[in-house]
Every structure is written in C-alpha cells, then in structure tokens.
Amino acid sequence: MSGPDPFCQTRTTRPTRPVRRGAALTTLALAGVLVTGGAGGAASDGRGEEHGGPLRSSAAGGLGGAARSGDPARDALRAAREAAAEALADGKSPAEAAERAVSRSGDRWGVVYTPKEYQEFEEALDGRYTGVGVWAAREEDGDLTLTRVRGGSPADEAGLRAGDRMLTVDGRSTAGLPVTEVLARLRGETPGEEPRSAGSTVRIGLERDGRRWTETLRRARLSTDPVTVRRTAGGATLIKVSAFTKGAGGKVRAAASEAPGAGILLDLRGNSGGLVTEAVETASAFLDGGLVATYDLRGEQRALHAERGRSTSRPLVVLVDSGTMSAAELVTGALQDRGRAVVVGSRTFGKGAVQMPAELPGGSVAELTVGHYRTPSGRGVDGEGIVPDLVAGRNAEQRAERVLTGLGGPS
C-alpha cells in the first residue's frame, strides 16, 4: 500500500476535550486529561507530562483521499467534512458540527479539534503546556496533597510546597473530585466552559500545618520533562516515563545506558501514551532488535521493529496501572511478550487504536481511527488492556523491587 505510514506520523492516544466531550478527563487527555498514576500515583497539571499524542504531518492526506464504500474512517471523515462545510456556510461552528458527525460514526476514539485546540495539543507533544506547575495525589485519608512543585513555575513563585493540601479550586471543593479533573481545572480546562489560556488566573484554597489560605495564581506556558530518573531505596534505577512526547525515547535510552549495573524499573504508571516513534525507541533500549508490534491499516498488516539496544540483559521490571494506555501499552506488551521484562501492577487501560489527522473546512482537525495494533504474540490491546505478570496495588514499587532482586538485580 502506498501513501504515508501512520505510525511515522500519527499517535495512538486519543486526547480528550472537556468542553465538548466532558466525560473523558481520564487519560491522556492530551487536551483534556491528565491521568493519575492509578492507586497512589501522582498526576501533574502539565498535559505534556501525563499524555501523549501524534506527530503532526501530511498523514491527513492519507486519510482524506477519495472515499471508499465500507471504509468507516473515510465515511466518518466525509460526514465530518460535509457537516463542517455546511456549518461554515451557515455561520455556525464547523468544529461542533463535525464533532457531532464523528460521534454518530461509532468511532469511540474519534475527536475533533478547533484550530487553537490542535495547536495547543501539538505544543503539548513538544513538551509545552499551560498550567501552574504542580503534581498532586489523593492520600489514603482522602486529602488531595501536592507532591511536587516545579521550580520557577507560578506555584513555586507563590510559595507553594510539596505537602500542602489543596482544598478548593476556584471556590469548588476538591473533595470527591477525581484528581484528573482538579488538575484539568488548574490548567483552565473546566468541563462545560471554554478553555482558559496562559495569563488567566485560578484561585486555590490551601492548608499547611493547620493554616488555611487562598492563593491566586496566573497560568503560564511551561515546559515538561517526560522522563525522570532516580535511585530507589533498594539501589535499583527507576526510570519514570510520564508521556511519550518528543525526545522521550532518547532520554530513556540514555538513562538505561548510564544506569549502574543493577536492575531497572521502567515506570509507565499514568502514562497515557504519545508518539509511537518514541515508544518504539523506548522499547529498543531494552531489546536486541526484533518485533515490537504489528498493526493493521485498512486490512493490510504492518510491523514495527526495534533497533538493537545497549541494555538488553539487565534485570527489568515494568510498572503499570489502569492509567497506562496506548503507546505505553505498546511498550509494555512488547517487553512482556518478548520475555524481556516482568510486568507488575494492575491491568492497563486497553487503548490500541491507530489514529490519523485530517483538516476540515474552517481549519478544525478530525482525528479518526484507521486501524489497531497487536503485541508481538498477536494479542489485541484495544478494549482488553494488558494483564500484569504480578498484580499489585499501592505497594507496587516495593513488590517490583523484590521481583527485581529475584531476577538478579540489587539486593
């Protein structure tokens, strides 16, 4: 089959938009989510750190060719284009009209962006986002606590610290709200409202050592680091990949190569996906070449292969949870099927769709499902997820270290 290859130019993660698809503040919500790291995990208000997405490109041309009967993606695109053109002629919103058309198509991952939303989405893939610069997690007692504050961010400049309790956001109690929704509100993505941009303000109710106060922060454009590295108490190297944004794969390769000779924990909890090219490069760090995944593109089977890595024999454990999705599941499935890693945690999200962008009348962009991928052994991920080798909850990291010890890692 001729034409652009979607795995070189698209993403496998559906960003969700709280304005028109308010139900999905759940996963990479690249444009509307930030996933929590599952039980006990922390989430960031930076979309680029908790989600992933596509490579922008001419891939739209591959989806937008002459429509063929029986091709759901092309049929959906044709309906979206017709709806957008009609709305544009009537002085209505082309994006809203196109989104209604896509929702009727049955594509569960299909989404339509306004030009501004798509621009912001692409910026997130480059590691840029609008926010205040905090990470937060729900404690066992139900409190929402800041776990990290980015240096130089609006939160840092206002004196916020890790350990502060976040009580309210713009006057609304955080009690009972999903962590993802609280963080989306900090970014200016309140369900049912138009997104707020950099320069807008948000009021946060806080508590520290019994003292309560309200801080007004001005949102800013921030940069993210999708890969962080630390040594665990047991001496292992933990490589946390929060999103497969541009450059993430190279950073994982470098971290794995520079790690001491002991074992490695690859933490993909809360990673809602990203660029497939970065995911393949990440898998390549630990594989001696070979198959990473296969995928179908309108009935034609294609394959993704790893390059030879430099960390192919060290003990390796992959940490996952229900927030591990899409491109992160691709990495997990490859390392598990190839017998390269033991997977610890909980069943992953189950999103294995391949999407491709196409421009619509008025400048909005539709991203529609054009295929699905499978792990090296042929397992489908979409709607199924990946079952870990060892099920673990809040103590997943500790259990993973014990597994690592059994594999010959640090003792």
# chains A, B, ... in the order shown; residues from 1 in each chain; ligands from 1
$ residues_around --residues "Ser346 (chain A)" --least-positions-apart "5" --cutoff "9 Å" --atoms "only C-alpha atoms" --output "ChimeraX atom specification"
/A:38,319-322,386-388,390-393,396
$ write_last_selection --atoms "N, CA, C and O atoms" --output "PDB file, in the first residue's frame"
ATOM      1  N   GLY A  38      -2.871   5.988  38.913  1.00  0.00           N
ATOM      2  CA  GLY A  38      -3.562   4.847  39.497  1.00  0.00           C
ATOM      3  C   GLY A  38      -3.513   4.979  40.998  1.00  0.00           C
ATOM      4  O   GLY A  38      -3.310   6.039  41.546  1.00  0.00           O
ATOM      5  N   LEU A 319       6.446  -1.233  35.534  1.00  0.00           N
ATOM      6  CA  LEU A 319       5.325  -0.896  36.415  1.00  0.00           C
ATOM      7  C   LEU A 319       4.196  -0.294  35.598  1.00  0.00           C
ATOM      8  O   LEU A 319       4.406   0.649  34.818  1.00  0.00           O
ATOM      9  N   VAL A 320       2.971  -0.824  35.759  1.00  0.00           N
ATOM     10  CA  VAL A 320       1.807  -0.339  35.014  1.00  0.00           C
ATOM     11  C   VAL A 320       0.610  -0.211  35.934  1.00  0.00           C
ATOM     12  O   VAL A 320       0.590  -0.749  37.041  1.00  0.00           O
ATOM     13  N   ASP A 321      -0.407   0.507  35.452  1.00  0.00           N
ATOM     14  CA  ASP A 321      -1.678   0.583  36.168  1.00  0.00           C
ATOM     15  C   ASP A 321      -2.777   0.904  35.165  1.00  0.00           C
ATOM     16  O   ASP A 321      -2.553   0.880  33.955  1.00  0.00           O
ATOM     17  N   SER A 322      -3.955   1.225  35.659  1.00  0.00           N
ATOM     18  CA  SER A 322      -5.090   1.485  34.769  1.00  0.00           C
ATOM     19  C   SER A 322      -4.918   2.759  33.957  1.00  0.00           C
ATOM     20  O   SER A 322      -5.667   2.998  33.006  1.00  0.00           O
ATOM     21  N   ILE A 386      -3.583  -4.910  29.119  1.00  0.00           N
ATOM     22  CA  ILE A 386      -2.535  -5.910  29.344  1.00  0.00           C
ATOM     23  C   ILE A 386      -2.566  -6.308  30.812  1.00  0.00           C
ATOM     24  O   ILE A 386      -2.557  -5.457  31.706  1.00  0.00           O
ATOM     25  N   VAL A 387      -2.626  -7.615  31.053  1.00  0.00           N
ATOM     26  CA  VAL A 387      -2.653  -8.130  32.422  1.00  0.00           C
ATOM     27  C   VAL A 387      -1.223  -8.288  32.911  1.00  0.00           C
ATOM     28  O   VAL A 387      -0.402  -8.931  32.240  1.00  0.00           O
ATOM     29  N   PRO A 388      -0.883  -7.715  34.070  1.00  0.00           N
ATOM     30  CA  PRO A 388       0.493  -7.828  34.571  1.00  0.00           C
ATOM     31  C   PRO A 388       0.831  -9.258  34.987  1.00  0.00           C
ATOM     32  O   PRO A 388      -0.056 -10.060  35.278  1.00  0.00           O
ATOM     33  N   LEU A 390       2.431  -9.882  37.697  1.00  0.00           N
ATOM     34  CA  LEU A 390       2.203  -9.858  39.137  1.00  0.00           C
ATOM     35  C   LEU A 390       1.288  -8.685  39.453  1.00  0.00           C
ATOM     36  O   LEU A 390       1.636  -7.535  39.190  1.00  0.00           O
ATOM     37  N   VAL A 391       0.103  -8.976  39.991  1.00  0.00           N
ATOM     38  CA  VAL A 391      -0.852  -7.926  40.329  1.00  0.00           C
ATOM     39  C   VAL A 391      -0.449  -7.271  41.645  1.00  0.00           C
ATOM     40  O   VAL A 391      -0.168  -7.955  42.637  1.00  0.00           O
ATOM     41  N   ALA A 392      -0.394  -5.936  41.647  1.00  0.00           N
ATOM     42  CA  ALA A 392      -0.014  -5.188  42.849  1.00  0.00           C
ATOM     43  C   ALA A 392      -0.695  -3.838  42.818  1.00  0.00           C
ATOM     44  O   ALA A 392      -0.968  -3.289  41.756  1.00  0.00           O
ATOM     45  N   GLY A 393      -0.972  -3.292  44.014  1.00  0.00           N
ATOM     46  CA  GLY A 393      -1.646  -2.003  44.125  1.00  0.00           C
ATOM     47  C   GLY A 393      -0.722  -0.930  44.633  1.00  0.00           C
ATOM     48  O   GLY A 393       0.270  -0.574  43.996  1.00  0.00           O
ATOM     49  N   ALA A 396       3.094  -1.440  44.755  1.00  0.00           N
ATOM     50  CA  ALA A 396       3.630  -1.983  43.505  1.00  0.00           C
ATOM     51  C   ALA A 396       5.134  -1.778  43.382  1.00  0.00           C
ATOM     52  O   ALA A 396       5.858  -2.684  42.948  1.00  0.00           O
TER      53      ALA A 396
END
$ residues_around --residues "region 199-207 of chain A" --least-positions-apart "3" --cutoff "8 Å" --atoms "only C-alpha atoms" --output "PDB file with N, CA, C and O atoms, in the first residue's frame"
ATOM      1  N   ASP A 164       1.587  20.531  50.824  1.00  0.00           N
ATOM      2  CA  ASP A 164       0.423  21.395  51.017  1.00  0.00           C
ATOM      3  C   ASP A 164      -0.843  20.654  50.593  1.00  0.00           C
ATOM      4  O   ASP A 164      -0.856  19.952  49.576  1.00  0.00           O
ATOM      5  N   ARG A 165      -1.911  20.818  51.348  1.00  0.00           N
ATOM      6  CA  ARG A 165      -3.198  20.252  50.975  1.00  0.00           C
ATOM      7  C   ARG A 165      -3.940  21.238  50.078  1.00  0.00           C
ATOM      8  O   ARG A 165      -3.980  22.430  50.368  1.00  0.00           O
ATOM      9  N   MET A 166      -4.535  20.731  48.989  1.00  0.00           N
ATOM     10  CA  MET A 166      -5.315  21.576  48.088  1.00  0.00           C
ATOM     11  C   MET A 166      -6.790  21.348  48.406  1.00  0.00           C
ATOM     12  O   MET A 166      -7.333  20.266  48.176  1.00  0.00           O
ATOM     13  N   LEU A 167      -7.446  22.370  48.941  1.00  0.00           N
ATOM     14  CA  LEU A 167      -8.820  22.245  49.409  1.00  0.00           C
ATOM     15  C   LEU A 167      -9.851  22.627  48.355  1.00  0.00           C
ATOM     16  O   LEU A 167     -10.908  21.985  48.249  1.00  0.00           O
ATOM     17  N   THR A 168      -9.570  23.688  47.611  1.00  0.00           N
ATOM     18  CA  THR A 168     -10.535  24.183  46.624  1.00  0.00           C
ATOM     19  C   THR A 168      -9.802  24.674  45.373  1.00  0.00           C
ATOM     20  O   THR A 168      -8.623  25.030  45.425  1.00  0.00           O
ATOM     21  N   VAL A 169     -10.528  24.678  44.259  1.00  0.00           N
ATOM     22  CA  VAL A 169     -10.052  25.283  43.009  1.00  0.00           C
ATOM     23  C   VAL A 169     -11.160  26.183  42.496  1.00  0.00           C
ATOM     24  O   VAL A 169     -12.272  25.706  42.211  1.00  0.00           O
ATOM     25  N   ASP A 170     -10.894  27.488  42.436  1.00  0.00           N
ATOM     26  CA  ASP A 170     -11.905  28.468  42.034  1.00  0.00           C
ATOM     27  C   ASP A 170     -13.190  28.307  42.838  1.00  0.00           C
ATOM     28  O   ASP A 170     -14.300  28.354  42.306  1.00  0.00           O
ATOM     29  N   GLY A 171     -13.019  28.097  44.139  1.00  0.00           N
ATOM     30  CA  GLY A 171     -14.146  28.020  45.049  1.00  0.00           C
ATOM     31  C   GLY A 171     -14.817  26.670  45.133  1.00  0.00           C
ATOM     32  O   GLY A 171     -15.689  26.451  45.994  1.00  0.00           O
ATOM     33  N   LEU A 186      -6.985  23.350  37.035  1.00  0.00           N
ATOM     34  CA  LEU A 186      -5.803  24.188  37.217  1.00  0.00           C
ATOM     35  C   LEU A 186      -5.244  24.628  35.866  1.00  0.00           C
ATOM     36  O   LEU A 186      -4.729  25.742  35.728  1.00  0.00           O
ATOM     37  N   GLY A 188      -7.026  25.215  33.349  1.00  0.00           N
ATOM     38  CA  GLY A 188      -8.012  26.063  32.682  1.00  0.00           C
ATOM     39  C   GLY A 188      -8.960  25.272  31.820  1.00  0.00           C
ATOM     40  O   GLY A 188      -9.617  25.845  30.942  1.00  0.00           O
ATOM     41  N   ARG A 196      -9.235  28.141  29.322  1.00  0.00           N
ATOM     42  CA  ARG A 196      -8.544  29.381  29.681  1.00  0.00           C
ATOM     43  C   ARG A 196      -7.097  29.300  29.204  1.00  0.00           C
ATOM     44  O   ARG A 196      -6.482  28.244  29.265  1.00  0.00           O
ATOM     45  N   GLY A 210      -2.072  23.386  59.587  1.00  0.00           N
ATOM     46  CA  GLY A 210      -3.251  23.925  60.253  1.00  0.00           C
ATOM     47  C   GLY A 210      -3.667  25.298  59.777  1.00  0.00           C
ATOM     48  O   GLY A 210      -4.746  25.785  60.142  1.00  0.00           O
ATOM     49  N   ARG A 211      -2.827  25.965  58.979  1.00  0.00           N
ATOM     50  CA  ARG A 211      -3.176  27.299  58.468  1.00  0.00           C
ATOM     51  C   ARG A 211      -3.801  27.180  57.088  1.00  0.00           C
ATOM     52  O   ARG A 211      -3.276  26.499  56.211  1.00  0.00           O
ATOM     53  N   ARG A 212      -4.935  27.864  56.923  1.00  0.00           N
ATOM     54  CA  ARG A 212      -5.626  27.845  55.645  1.00  0.00           C
ATOM     55  C   ARG A 212      -5.564  29.222  54.987  1.00  0.00           C
ATOM     56  O   ARG A 212      -5.679  30.240  55.664  1.00  0.00           O
ATOM     57  N   TRP A 213      -5.366  29.212  53.667  1.00  0.00           N
ATOM     58  CA  TRP A 213      -5.342  30.471  52.924  1.00  0.00           C
ATOM     59  C   TRP A 213      -5.674  30.212  51.470  1.00  0.00           C
ATOM     60  O   TRP A 213      -5.725  29.065  51.013  1.00  0.00           O
ATOM     61  N   THR A 214      -5.926  31.295  50.747  1.00  0.00           N
ATOM     62  CA  THR A 214      -6.237  31.205  49.323  1.00  0.00           C
ATOM     63  C   THR A 214      -5.171  31.921  48.521  1.00  0.00           C
ATOM     64  O   THR A 214      -4.766  33.043  48.862  1.00  0.00           O
ATOM     65  N   GLU A 215      -4.689  31.275  47.477  1.00  0.00           N
ATOM     66  CA  GLU A 215      -3.654  31.835  46.626  1.00  0.00           C
ATOM     67  C   GLU A 215      -4.220  31.993  45.217  1.00  0.00           C
ATOM     68  O   GLU A 215      -4.869  31.073  44.690  1.00  0.00           O
ATOM     69  N   THR A 216      -4.002  33.139  44.606  1.00  0.00           N
ATOM     70  CA  THR A 216      -4.405  33.357  43.218  1.00  0.00           C
ATOM     71  C   THR A 216      -3.171  33.254  42.334  1.00  0.00           C
ATOM     72  O   THR A 216      -2.223  34.027  42.491  1.00  0.00           O
ATOM     73  N   LEU A 217      -3.192  32.291  41.430  1.00  0.00           N
ATOM     74  CA  LEU A 217      -2.053  32.043  40.545  1.00  0.00           C
ATOM     75  C   LEU A 217      -2.414  32.411  39.116  1.00  0.00           C
ATOM     76  O   LEU A 217      -3.561  32.246  38.683  1.00  0.00           O
ATOM     77  N   ARG A 218      -1.442  32.905  38.393  1.00  0.00           N
ATOM     78  CA  ARG A 218      -1.632  33.230  36.980  1.00  0.00           C
ATOM     79  C   ARG A 218      -1.003  32.124  36.127  1.00  0.00           C
ATOM     80  O   ARG A 218       0.185  31.851  36.246  1.00  0.00           O
ATOM     81  N   ARG A 219      -1.831  31.485  35.317  1.00  0.00           N
ATOM     82  CA  ARG A 219      -1.339  30.392  34.487  1.00  0.00           C
ATOM     83  C   ARG A 219      -0.253  30.877  33.529  1.00  0.00           C
ATOM     84  O   ARG A 219      -0.286  32.016  33.064  1.00  0.00           O
ATOM     85  N   ALA A 220       0.694  29.992  33.229  1.00  0.00           N
ATOM     86  CA  ALA A 220       1.810  30.360  32.359  1.00  0.00           C
ATOM     87  C   ALA A 220       2.114  29.206  31.411  1.00  0.00           C
ATOM     88  O   ALA A 220       1.688  28.071  31.620  1.00  0.00           O
TER      89      ALA A 220
END
$ closest_residue --among "A:Thr130, A:Ala136, A:Gly289, A:Leu266" --to "Ser153 (chain A)" --atoms "only C-alpha atoms"
A:Thr130
$ closest_residue --among "A:Ala303, A:Ala328, A:Ala255, A:Ala155" --to "Arg269 (chain A)" --atoms "only C-alpha atoms"
A:Ala328
$ closest_residue --among "A:Gln355, A:Thr232, A:Ser93, A:Thr224" --to "Tyr295 (chain A)" --atoms "only C-alpha atoms"
A:Gln355
$ select_by_dssp --residues "region 185-397 of chain A" --states "alpha helix (DSSP H)" --output "ChimeraX atom specification"
/A:185-187,248-258,276-284,327-337,396-397
$ select_by_dssp --residues "region 177-350 of chain A" --states "strand (DSSP E)" --output "VMD selection string"
chain A and resid 201 to 208 211 to 218 220 to 223 227 to 231 237 to 241 264 to 267 288 to 297 300 to 308 316 to 320 342 to 345
$ closest_residue --among "A:Val179, A:Leu297, A:Ala262, A:Leu275" --to "Ala124 (chain A)" --atoms "only C-alpha atoms"
A:Leu275
$ closest_residue --among "A:Lys251, A:Lys240, A:Arg340, A:Arg74" --to "Asn271 (chain A)" --atoms "only C-alpha atoms"
A:Lys240
$ closest_residue --among "A:Thr282, A:Leu360, A:Arg310, A:Ala248" --to "Gly261 (chain A)" --atoms "only C-alpha atoms"
A:Arg310
$ atom_distance --atom1 "CA of Glu278 (chain A)" --atom2 "CA of Gly110 (chain A)"
22.2 Å
$ residues_around --residues "Lys246 (chain A)" --least-positions-apart "3" --cutoff "9 Å" --atoms "only C-alpha atoms" --output "list in words"
Leu55, Leu125, Asp126, Gly127, Pro226, Gly249, Gly250, Gly274, Leu275, Thr277 and Glu278 of chain A
$ atom_distance --atom1 "CA of Ser197 (chain A)" --atom2 "CA of Val134 (chain A)"
16.9 Å
$ atom_distance --atom1 "CA of Asp75 (chain A)" --atom2 "CA of Ser105 (chain A)"
8.1 Å
$ residues_around --residues "Ala283 (chain A)" --least-positions-apart "6" --cutoff "9 Å" --atoms "only C-alpha atoms" --output "list in words"
Gly249, Arg253, Val292, Ala306, Glu307, Gly309, Leu330, Val331, Thr332, Ala334 and Leu335 of chain A
$ write_last_selection --atoms "N, CA, C and O atoms" --output "compact mmCIF listing (two decimals), in the first residue's frame"
# COMPACT_ATOMS: atom_id res chain seq x y z
N GLY A 249 12.05 8.92 24.00
CA GLY A 249 12.74 7.67 23.72
C GLY A 249 14.24 7.78 23.88
O GLY A 249 14.89 6.91 24.47
N ARG A 253 16.74 5.78 26.56
CA ARG A 253 17.94 5.07 26.13
C ARG A 253 19.16 5.54 26.91
O ARG A 253 19.98 4.74 27.39
N VAL A 292 8.34 -5.27 17.72
CA VAL A 292 7.74 -4.51 18.81
C VAL A 292 6.22 -4.63 18.76
O VAL A 292 5.56 -4.83 19.79
N ALA A 306 12.30 -3.03 16.57
CA ALA A 306 13.23 -2.33 17.44
C ALA A 306 14.63 -2.33 16.83
O ALA A 306 14.99 -3.23 16.07
N GLU A 307 15.39 -1.31 17.17
CA GLU A 307 16.81 -1.33 16.90
C GLU A 307 17.50 -1.98 18.10
O GLU A 307 16.93 -2.07 19.18
N GLY A 309 19.39 -2.45 21.33
CA GLY A 309 19.66 -1.57 22.45
C GLY A 309 20.96 -1.92 23.16
O GLY A 309 21.61 -2.92 22.85
N LEU A 330 1.83 -0.40 24.19
CA LEU A 330 2.63 -0.98 23.12
C LEU A 330 4.00 -1.39 23.66
O LEU A 330 4.49 -2.49 23.38
N VAL A 331 4.64 -0.52 24.44
CA VAL A 331 5.93 -0.83 25.03
C VAL A 331 5.81 -2.00 26.00
O VAL A 331 6.60 -2.95 25.97
N THR A 332 4.80 -1.93 26.87
CA THR A 332 4.61 -2.98 27.87
C THR A 332 4.41 -4.34 27.21
O THR A 332 5.02 -5.34 27.59
N ALA A 334 5.29 -5.35 24.24
CA ALA A 334 6.49 -5.82 23.56
C ALA A 334 7.47 -6.43 24.54
O ALA A 334 8.01 -7.53 24.32
N LEU A 335 7.74 -5.75 25.65
CA LEU A 335 8.70 -6.24 26.62
C LEU A 335 8.20 -7.50 27.33
O LEU A 335 8.98 -8.39 27.67
$ residues_around --residues "region 145-148 of chain A" --least-positions-apart "2" --cutoff "9 Å" --atoms "only C-alpha atoms" --output "PyMOL selection string"
chain A and resi 42-44+133-139+143+150+160-167
